[in-house]
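Beneath this line is the structure, given in structure tokens, with notes to follow.
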Amino acid sequence: MISQDDSVPYEWAGSTFSQLANLQPGTYTLQATATDNRGATNQTSIVFNVVASTGGNLLPIVDIITPKQGNNFPVGTNLKVQVNANDPDGTVSRVLIYLMVEH
């Protein structure tokens, strides 16, 4: 655990927590767990990569805005997907989405 926060906004930054500062190349998993006032908990996690530039070309950044990890939907839902993508040293030319079904 890096830290806990008991009030909004729930934010942490590398300028305050050494575990979040100066990340080196690799694949990281970030997990957050929330507990409500009655003791129920839920968690979510994301996996992200820290990469060195390859030949002076930084990788594009892509983020799924909706739906969020762990959302539940009723049968028959017409899903809306929103993705943000940008390139820190150029422009994004294409974004692809895939849907894999897990049973």
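Convention: chains lettered A, B, ... in structure tokens order; per-chain residue numbering from 1; ligands numbered from 1 as shown.
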Residue set, chain A restricted to strand (DSSP E), as number ranges by chain: A: 26-35, 41-50, 61-66, 82-86
For the selection you just gave me, I'd like the residues written to a file as a PDB file, in the first residue's frame, keeping N, CA and C atoms.
```pdb
ATOM      1  N   GLY A  26       8.859  -0.402 -17.561  1.00  0.00           N
ATOM      2  CA  GLY A  26       8.273  -1.640 -17.065  1.00  0.00           C
ATOM      3  C   GLY A  26       6.765  -1.592 -17.135  1.00  0.00           C
ATOM      4  N   THR A  27       6.144  -2.686 -16.745  1.00  0.00           N
ATOM      5  CA  THR A  27       4.689  -2.788 -16.682  1.00  0.00           C
ATOM      6  C   THR A  27       4.284  -2.723 -15.222  1.00  0.00           C
ATOM      7  N   TYR A  28       3.337  -1.854 -14.922  1.00  0.00           N
ATOM      8  CA  TYR A  28       2.900  -1.606 -13.557  1.00  0.00           C
ATOM      9  C   TYR A  28       1.406  -1.896 -13.426  1.00  0.00           C
ATOM     10  N   THR A  29       0.989  -2.372 -12.270  1.00  0.00           N
ATOM     11  CA  THR A  29      -0.424  -2.510 -11.931  1.00  0.00           C
ATOM     12  C   THR A  29      -0.717  -1.571 -10.779  1.00  0.00           C
ATOM     13  N   LEU A  30      -1.729  -0.734 -10.951  1.00  0.00           N
ATOM     14  CA  LEU A  30      -2.159   0.201  -9.921  1.00  0.00           C
ATOM     15  C   LEU A  30      -3.535  -0.241  -9.450  1.00  0.00           C
ATOM     16  N   GLN A  31      -3.692  -0.431  -8.153  1.00  0.00           N
ATOM     17  CA  GLN A  31      -4.960  -0.920  -7.600  1.00  0.00           C
ATOM     18  C   GLN A  31      -5.490   0.072  -6.585  1.00  0.00           C
ATOM     19  N   ALA A  32      -6.790   0.297  -6.608  1.00  0.00           N
ATOM     20  CA  ALA A  32      -7.460   1.144  -5.628  1.00  0.00           C
ATOM     21  C   ALA A  32      -8.588   0.346  -4.990  1.00  0.00           C
ATOM     22  N   THR A  33      -8.722   0.466  -3.686  1.00  0.00           N
ATOM     23  CA  THR A  33      -9.792  -0.198  -2.946  1.00  0.00           C
ATOM     24  C   THR A  33     -10.571   0.861  -2.175  1.00  0.00           C
ATOM     25  N   ALA A  34     -11.877   0.863  -2.314  1.00  0.00           N
ATOM     26  CA  ALA A  34     -12.739   1.809  -1.596  1.00  0.00           C
ATOM     27  C   ALA A  34     -13.557   1.046  -0.559  1.00  0.00           C
ATOM     28  N   THR A  35     -13.728   1.653   0.593  1.00  0.00           N
ATOM     29  CA  THR A  35     -14.541   1.088   1.664  1.00  0.00           C
ATOM     30  C   THR A  35     -15.614   2.109   2.029  1.00  0.00           C
ATOM     31  N   THR A  41     -16.521  -3.216   0.649  1.00  0.00           N
ATOM     32  CA  THR A  41     -15.381  -2.772  -0.149  1.00  0.00           C
ATOM     33  C   THR A  41     -15.532  -3.207  -1.598  1.00  0.00           C
ATOM     34  N   ASN A  42     -14.876  -2.461  -2.468  1.00  0.00           N
ATOM     35  CA  ASN A  42     -14.786  -2.804  -3.882  1.00  0.00           C
ATOM     36  C   ASN A  42     -13.439  -2.320  -4.367  1.00  0.00           C
ATOM     37  N   GLN A  43     -12.914  -2.959  -5.393  1.00  0.00           N
ATOM     38  CA  GLN A  43     -11.617  -2.539  -5.902  1.00  0.00           C
ATOM     39  C   GLN A  43     -11.596  -2.549  -7.415  1.00  0.00           C
ATOM     40  N   THR A  44     -10.643  -1.813  -7.943  1.00  0.00           N
ATOM     41  CA  THR A  44     -10.390  -1.772  -9.374  1.00  0.00           C
ATOM     42  C   THR A  44      -8.889  -1.659  -9.578  1.00  0.00           C
ATOM     43  N   SER A  45      -8.439  -2.028 -10.751  1.00  0.00           N
ATOM     44  CA  SER A  45      -7.017  -1.898 -11.044  1.00  0.00           C
ATOM     45  C   SER A  45      -6.829  -1.608 -12.523  1.00  0.00           C
ATOM     46  N   ILE A  46      -5.707  -1.009 -12.823  1.00  0.00           N
ATOM     47  CA  ILE A  46      -5.311  -0.776 -14.201  1.00  0.00           C
ATOM     48  C   ILE A  46      -3.872  -1.246 -14.367  1.00  0.00           C
ATOM     49  N   VAL A  47      -3.541  -1.617 -15.575  1.00  0.00           N
ATOM     50  CA  VAL A  47      -2.170  -1.960 -15.919  1.00  0.00           C
ATOM     51  C   VAL A  47      -1.688  -0.893 -16.890  1.00  0.00           C
ATOM     52  N   PHE A  48      -0.493  -0.358 -16.628  1.00  0.00           N
ATOM     53  CA  PHE A  48       0.072   0.627 -17.537  1.00  0.00           C
ATOM     54  C   PHE A  48       1.561   0.361 -17.723  1.00  0.00           C
ATOM     55  N   ASN A  49       2.099   0.921 -18.781  1.00  0.00           N
ATOM     56  CA  ASN A  49       3.512   0.724 -19.118  1.00  0.00           C
ATOM     57  C   ASN A  49       4.259   2.035 -19.056  1.00  0.00           C
ATOM     58  N   VAL A  50       5.475   1.969 -18.582  1.00  0.00           N
ATOM     59  CA  VAL A  50       6.411   3.082 -18.678  1.00  0.00           C
ATOM     60  C   VAL A  50       7.452   2.639 -19.693  1.00  0.00           C
ATOM     61  N   ILE A  61      -0.717   7.681 -26.360  1.00  0.00           N
ATOM     62  CA  ILE A  61      -1.379   7.398 -25.089  1.00  0.00           C
ATOM     63  C   ILE A  61      -2.854   7.178 -25.385  1.00  0.00           C
ATOM     64  N   VAL A  62      -3.412   6.065 -24.905  1.00  0.00           N
ATOM     65  CA  VAL A  62      -4.817   5.748 -25.155  1.00  0.00           C
ATOM     66  C   VAL A  62      -5.477   5.382 -23.834  1.00  0.00           C
ATOM     67  N   ASP A  63      -6.690   5.870 -23.630  1.00  0.00           N
ATOM     68  CA  ASP A  63      -7.404   5.654 -22.379  1.00  0.00           C
ATOM     69  C   ASP A  63      -8.880   5.424 -22.683  1.00  0.00           C
ATOM     70  N   ILE A  64      -9.435   4.325 -22.162  1.00  0.00           N
ATOM     71  CA  ILE A  64     -10.872   4.082 -22.295  1.00  0.00           C
ATOM     72  C   ILE A  64     -11.574   4.899 -21.210  1.00  0.00           C
ATOM     73  N   ILE A  65     -12.405   5.839 -21.623  1.00  0.00           N
ATOM     74  CA  ILE A  65     -13.120   6.718 -20.694  1.00  0.00           C
ATOM     75  C   ILE A  65     -14.392   6.028 -20.203  1.00  0.00           C
ATOM     76  N   THR A  66     -15.185   5.518 -21.128  1.00  0.00           N
ATOM     77  CA  THR A  66     -16.376   4.749 -20.778  1.00  0.00           C
ATOM     78  C   THR A  66     -16.453   3.548 -21.694  1.00  0.00           C
ATOM     79  N   GLN A  82     -16.235   5.349 -25.185  1.00  0.00           N
ATOM     80  CA  GLN A  82     -15.534   6.604 -25.413  1.00  0.00           C
ATOM     81  C   GLN A  82     -14.061   6.394 -25.087  1.00  0.00           C
ATOM     82  N   VAL A  83     -13.197   6.784 -26.013  1.00  0.00           N
ATOM     83  CA  VAL A  83     -11.758   6.609 -25.868  1.00  0.00           C
ATOM     84  C   VAL A  83     -11.078   7.956 -26.105  1.00  0.00           C
ATOM     85  N   ASN A  84     -10.097   8.277 -25.274  1.00  0.00           N
ATOM     86  CA  ASN A  84      -9.231   9.427 -25.531  1.00  0.00           C
ATOM     87  C   ASN A  84      -7.894   8.902 -26.013  1.00  0.00           C
ATOM     88  N   ALA A  85      -7.325   9.542 -27.006  1.00  0.00           N
ATOM     89  CA  ALA A  85      -6.011   9.171 -27.497  1.00  0.00           C
ATOM     90  C   ALA A  85      -5.263  10.426 -27.912  1.00  0.00           C
ATOM     91  N   ASN A  86      -3.978  10.470 -27.576  1.00  0.00           N
ATOM     92  CA  ASN A  86      -3.128  11.567 -28.029  1.00  0.00           C
ATOM     93  C   ASN A  86      -1.710  11.056 -28.185  1.00  0.00           C
TER      94      ASN A  86
END
```
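Around A:Ser53, within 12 Å and counting only C-alpha atoms, the residues found are Pro25, Val50, Gly56, Asn57, Leu58, Leu59, Pro60, Pro88 and Asp89 of chain A, once anything fewer than 3 positions away on its own chain is removed.
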The selected residues should be written to file as a PDB file, in the first residue's frame (atoms: N, CA and C atoms).
```pdb
ATOM      1  N   PRO A  25      11.282   2.104 -16.856  1.00  0.00           N
ATOM      2  CA  PRO A  25      10.575   1.264 -17.833  1.00  0.00           C
ATOM      3  C   PRO A  25      10.087  -0.046 -17.220  1.00  0.00           C
ATOM      4  N   VAL A  50       5.475   1.969 -18.582  1.00  0.00           N
ATOM      5  CA  VAL A  50       6.411   3.082 -18.678  1.00  0.00           C
ATOM      6  C   VAL A  50       7.452   2.639 -19.693  1.00  0.00           C
ATOM      7  N   GLY A  56      13.276   8.168 -30.903  1.00  0.00           N
ATOM      8  CA  GLY A  56      12.755   9.525 -30.881  1.00  0.00           C
ATOM      9  C   GLY A  56      11.264   9.611 -31.116  1.00  0.00           C
ATOM     10  N   ASN A  57      10.559   8.469 -31.187  1.00  0.00           N
ATOM     11  CA  ASN A  57       9.115   8.475 -31.401  1.00  0.00           C
ATOM     12  C   ASN A  57       8.439   7.933 -30.149  1.00  0.00           C
ATOM     13  N   LEU A  58       7.814   8.832 -29.367  1.00  0.00           N
ATOM     14  CA  LEU A  58       7.115   8.401 -28.161  1.00  0.00           C
ATOM     15  C   LEU A  58       5.827   7.682 -28.529  1.00  0.00           C
ATOM     16  N   LEU A  59       5.461   6.687 -27.743  1.00  0.00           N
ATOM     17  CA  LEU A  59       4.233   5.931 -28.003  1.00  0.00           C
ATOM     18  C   LEU A  59       3.007   6.793 -27.768  1.00  0.00           C
ATOM     19  N   PRO A  60       1.922   6.568 -28.555  1.00  0.00           N
ATOM     20  CA  PRO A  60       0.677   7.275 -28.283  1.00  0.00           C
ATOM     21  C   PRO A  60       0.100   6.832 -26.938  1.00  0.00           C
ATOM     22  N   PRO A  88       2.194  12.398 -27.688  1.00  0.00           N
ATOM     23  CA  PRO A  88       2.963  13.502 -27.128  1.00  0.00           C
ATOM     24  C   PRO A  88       3.945  14.145 -28.105  1.00  0.00           C
ATOM     25  N   ASP A  89       4.282  13.459 -29.196  1.00  0.00           N
ATOM     26  CA  ASP A  89       5.217  14.060 -30.151  1.00  0.00           C
ATOM     27  C   ASP A  89       4.717  13.948 -31.591  1.00  0.00           C
TER      28      ASP A  89
END
```
Fewer than 4 positions away in the same chain doesn't count, so skip those; otherwise give me all residues within 12 Å of A:Ser3, counting only C-alpha atoms, as a VMD selection string. chain A and resid 10 to 13 16 to 20 31 to 33
Expressed in Å to a single decimal, how great is the separation between atom CA of A:Val81 and atom CA of A:Lys68?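 Separation of atom CA of A:Val81 and atom CA of A:Lys68: 9.6 Å.
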Separation of atom CA of A:Asp87 and atom CA of A:Thr54, in Å? 13.5 Å
